[in-house]
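In what follows, a structure is listed as structure tokens, so that the remarks can point back to it.
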Amino acid sequence: MQPSASAPAPASAPQFDERLTAPRSWWLIAALVGVSGALIMLPLGTLPMLGGLILAGALAAVGVSSYGSVRIRVVADSLVAGDARIPLSALGDPRVLDAEEARAWRTYKADPRAFMVMRGYVPEAVRVEVTDPADPTPYVYLSSRDPKALAAALRKARAA
């Protein structure tokens with residue numbers, strides 16, 4: 001039996017799930033790093049050249065993949081951003097930031113105590129005040145390709 005499209009998701013299912021992957025151009029750069037490794041090893045022969053290609057390319061790919069694999073999820077009563085799990089009860093109302101505002105909060109308006117899941121290649125973001133008086137973190141800054149959906153999921157999860 002197929003579940004209907006209007007059936008509510010189970011409480012443990014993510015209400016919002018986004019992976020901030022690295023842009024395609026970064027993968028091209030990783031490939032070029034592999035070619036650079038091959039060119040460096042070229043004077044030593046064919047086998048070292050292939051080793052340089054594989055090793056440099058693999059290291060660059062691991063770097064791009066690990067940096068571009070951060071996830072932002074709203075699950076049950078928590079915001080999961082990277083390795084952090086923040087209870088929604090400790091958060092205020094989310095605010096969607098357009099590209100200009102997001103850049104301002106990433107640069108001159110940024111507070112060093114803030115928790116930031118920031119990716120410069122993602123222009124928009126969501127900023128959420130931390131309302132827990134015991135927490136010194138003033139706000140949470142989350143880069144997002146769909147900030148309106150993230151803010152809506154946070155509001156919906158807090159209301160539930």
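Residues are named by chain letter and number: chains run A, B, ... in the order of the structure tokens, numbers start at 1 in each chain, and ligands are numbered from 1 in the order shown.
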
Per-residue nearest contacts range 71-101 of chain A to range 19-30 of chain A, cut-off 10 Å, using only C-alpha atoms, as JSON lines:
{"residue": "A:Arg71", "atom": "CA", "partner": "A:Arg19", "partner_atom": "CA", "distance": 4.3}
{"residue": "A:Ile72", "atom": "CA", "partner": "A:Arg19", "partner_atom": "CA", "distance": 6.4}
{"residue": "A:Arg73", "atom": "CA", "partner": "A:Arg19", "partner_atom": "CA", "distance": 8.7}
{"residue": "A:Ala81", "atom": "CA", "partner": "A:Arg19", "partner_atom": "CA", "distance": 9.9}
{"residue": "A:Gly82", "atom": "CA", "partner": "A:Arg19", "partner_atom": "CA", "distance": 9.6}

Contact residues around range 85-97 of chain A with only C-alpha atoms at 12 Å, ignoring same-chain residues under 4 positions, as an MDAnalysis selection string: chainID A and resid 71:81 101:106 115 122:160

Coordinates-based distance that separates CA of Gly63 in chain A from CA of Thr46 in chain A (Å, one decimal):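 Computed distance, CA of Thr46 in chain A to CA of Gly63 in chain A, equals 25.7 Å.
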
Atom-to-atom span, CA of Tyr67 in chain A and CA of Ala114 in chain A, Å: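 Interatomic distance here is 19.6 Å.
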
Secondary structure check, strand (DSSP E) residues of chain A, as a PyMOL selection string: chain A and resi 14-20+70-75+78-81+84-87+91-97+115-117+125-130+139-143

Restrict the selected residues to N, CA and C atoms and save them as a compact mmCIF listing (two decimals), in the first residue's frame.
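Wrote selection.txt, looks like this:
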# COMPACT_ATOMS: atom_id res chain seq x y z
N PRO A 14 12.71 13.94 9.30
CA PRO A 14 13.12 15.34 9.22
C PRO A 14 12.05 16.20 8.55
N GLN A 15 11.77 17.35 9.14
CA GLN A 15 10.83 18.29 8.55
C GLN A 15 11.56 19.17 7.52
N PHE A 16 12.87 19.22 7.64
CA PHE A 16 13.71 19.94 6.69
C PHE A 16 15.04 19.22 6.66
N ASP A 17 15.57 19.00 5.48
CA ASP A 17 16.85 18.30 5.34
C ASP A 17 17.58 18.88 4.13
N GLU A 18 18.74 19.48 4.39
CA GLU A 18 19.51 20.08 3.31
C GLU A 18 20.98 19.75 3.50
N ARG A 19 21.63 19.39 2.41
CA ARG A 19 23.07 19.16 2.42
C ARG A 19 23.72 20.27 1.62
N LEU A 20 24.63 20.98 2.27
CA LEU A 20 25.33 22.08 1.61
C LEU A 20 26.55 21.53 0.90
N VAL A 70 28.24 19.19 4.90
CA VAL A 70 27.50 19.58 6.10
C VAL A 70 26.00 19.53 5.82
N ARG A 71 25.26 19.05 6.81
CA ARG A 71 23.81 18.93 6.68
C ARG A 71 23.12 19.81 7.70
N ILE A 72 21.99 20.35 7.31
CA ILE A 72 21.13 21.11 8.21
C ILE A 72 19.77 20.41 8.19
N ARG A 73 19.30 20.03 9.39
CA ARG A 73 18.03 19.31 9.47
C ARG A 73 17.20 19.84 10.64
N VAL A 74 15.90 19.81 10.47
CA VAL A 74 14.97 20.06 11.57
C VAL A 74 14.28 18.73 11.81
N VAL A 75 14.59 18.14 12.96
CA VAL A 75 14.07 16.81 13.30
C VAL A 75 13.40 16.89 14.66
N SER A 78 14.42 19.40 17.49
CA SER A 78 15.82 19.84 17.44
C SER A 78 16.19 20.38 16.06
N LEU A 79 17.15 21.30 16.10
CA LEU A 79 17.82 21.76 14.89
C LEU A 79 19.18 21.08 14.89
N VAL A 80 19.45 20.31 13.84
CA VAL A 80 20.73 19.62 13.72
C VAL A 80 21.49 20.32 12.59
N ALA A 81 22.61 20.95 12.96
CA ALA A 81 23.42 21.69 11.99
C ALA A 81 24.86 21.22 12.15
N ALA A 84 26.28 19.87 15.63
CA ALA A 84 25.51 20.45 16.74
C ALA A 84 24.05 20.02 16.68
N ARG A 85 23.51 19.76 17.85
CA ARG A 85 22.08 19.46 18.00
C ARG A 85 21.53 20.46 18.99
N ILE A 86 20.68 21.37 18.52
CA ILE A 86 20.17 22.47 19.33
C ILE A 86 18.68 22.27 19.56
N PRO A 87 18.24 22.23 20.82
CA PRO A 87 16.80 22.09 21.06
C PRO A 87 16.06 23.35 20.60
N LEU A 91 15.68 28.32 21.01
CA LEU A 91 15.79 29.22 19.86
C LEU A 91 14.59 30.13 19.75
N GLY A 92 14.83 31.34 19.24
CA GLY A 92 13.76 32.30 18.98
C GLY A 92 13.20 32.12 17.59
N ASP A 93 12.60 33.20 17.09
CA ASP A 93 11.99 33.17 15.77
C ASP A 93 13.06 33.29 14.69
N PRO A 94 13.03 32.43 13.68
CA PRO A 94 14.04 32.51 12.61
C PRO A 94 13.79 33.72 11.71
N ARG A 95 14.88 34.26 11.20
CA ARG A 95 14.81 35.42 10.29
C ARG A 95 15.56 35.07 9.01
N VAL A 96 14.86 35.16 7.89
CA VAL A 96 15.46 34.87 6.59
C VAL A 96 16.30 36.07 6.18
N LEU A 97 17.55 35.79 5.75
CA LEU A 97 18.46 36.84 5.31
C LEU A 97 18.67 36.74 3.81
N PHE A 115 27.13 30.71 16.73
CA PHE A 115 27.32 29.41 16.08
C PHE A 115 26.98 29.59 14.62
N MET A 116 27.94 29.32 13.75
CA MET A 116 27.74 29.56 12.33
C MET A 116 28.03 28.31 11.49
N VAL A 117 27.07 27.94 10.69
CA VAL A 117 27.29 26.95 9.64
C VAL A 117 27.24 27.78 8.36
N ALA A 125 20.78 32.99 3.84
CA ALA A 125 20.94 32.34 5.14
C ALA A 125 19.73 32.57 6.03
N VAL A 126 19.75 31.90 7.17
CA VAL A 126 18.75 32.08 8.22
C VAL A 126 19.51 32.40 9.50
N ARG A 127 18.99 33.38 10.24
CA ARG A 127 19.58 33.77 11.51
C ARG A 127 18.52 33.56 12.59
N VAL A 128 18.89 32.83 13.65
CA VAL A 128 17.95 32.52 14.71
C VAL A 128 18.57 32.93 16.04
N GLU A 129 17.88 33.77 16.79
CA GLU A 129 18.36 34.19 18.11
C GLU A 129 18.33 32.99 19.05
N VAL A 130 19.33 32.90 19.93
CA VAL A 130 19.34 31.89 20.98
C VAL A 130 18.73 32.54 22.21
N TYR A 139 23.35 33.97 18.69
CA TYR A 139 22.48 33.55 17.59
C TYR A 139 23.13 32.40 16.83
N VAL A 140 22.29 31.79 15.98
CA VAL A 140 22.74 30.72 15.09
C VAL A 140 22.59 31.25 13.67
N TYR A 141 23.65 31.16 12.89
CA TYR A 141 23.65 31.59 11.49
C TYR A 141 23.79 30.34 10.64
N LEU A 142 22.84 30.13 9.73
CA LEU A 142 22.85 28.93 8.89
C LEU A 142 22.74 29.31 7.42
N SER A 143 23.77 29.03 6.65
CA SER A 143 23.67 29.20 5.20
C SER A 143 22.66 28.19 4.68

Set the distance at 6 Å and use only C-alpha atoms: which residues neighbour Gly37 in chain A once local chain neighbours fewer than 2 positions away are removed? I'd like the list as a PDB file with N, CA, C and O atoms, in the first residue's frame.
ATOM      1  N   GLY A  34      44.993  17.239  -8.866  1.00  0.00           N
ATOM      2  CA  GLY A  34      45.507  15.923  -9.238  1.00  0.00           C
ATOM      3  C   GLY A  34      46.463  16.010 -10.418  1.00  0.00           C
ATOM      4  O   GLY A  34      47.536  15.388 -10.414  1.00  0.00           O
ATOM      5  N   VAL A  35      46.096  16.802 -11.433  1.00  0.00           N
ATOM      6  CA  VAL A  35      46.976  16.994 -12.592  1.00  0.00           C
ATOM      7  C   VAL A  35      48.283  17.665 -12.160  1.00  0.00           C
ATOM      8  O   VAL A  35      49.368  17.302 -12.630  1.00  0.00           O
ATOM      9  N   LEU A  39      52.078  16.369 -12.698  1.00  0.00           N
ATOM     10  CA  LEU A  39      53.138  17.148 -13.343  1.00  0.00           C
ATOM     11  C   LEU A  39      54.367  17.296 -12.446  1.00  0.00           C
ATOM     12  O   LEU A  39      55.500  17.304 -12.938  1.00  0.00           O
ATOM     13  N   ILE A  40      54.140  17.400 -11.153  1.00  0.00           N
ATOM     14  CA  ILE A  40      55.271  17.492 -10.223  1.00  0.00           C
ATOM     15  C   ILE A  40      56.102  16.214 -10.251  1.00  0.00           C
ATOM     16  O   ILE A  40      57.328  16.241 -10.188  1.00  0.00           O
ATOM     17  N   GLY A  52      51.354  10.382  -8.250  1.00  0.00           N
ATOM     18  CA  GLY A  52      51.094  11.778  -7.903  1.00  0.00           C
ATOM     19  C   GLY A  52      49.697  12.214  -8.295  1.00  0.00           C
ATOM     20  O   GLY A  52      49.026  12.933  -7.557  1.00  0.00           O
ATOM     21  N   LEU A  53      49.250  11.769  -9.480  1.00  0.00           N
ATOM     22  CA  LEU A  53      47.897  12.085  -9.943  1.00  0.00           C
ATOM     23  C   LEU A  53      46.853  11.522  -8.990  1.00  0.00           C
ATOM     24  O   LEU A  53      45.948  12.230  -8.543  1.00  0.00           O
ATOM     25  N   ALA A  56      47.339  13.165  -5.164  1.00  0.00           N
ATOM     26  CA  ALA A  56      46.934  14.572  -5.078  1.00  0.00           C
ATOM     27  C   ALA A  56      45.445  14.732  -5.384  1.00  0.00           C
ATOM     28  O   ALA A  56      44.740  15.480  -4.702  1.00  0.00           O
TER      29      ALA A  56
END

Interatomic distance, CA of Pro43 in chain A to CA of Val64 in chain A (Å, one decimal): 27.9 Å
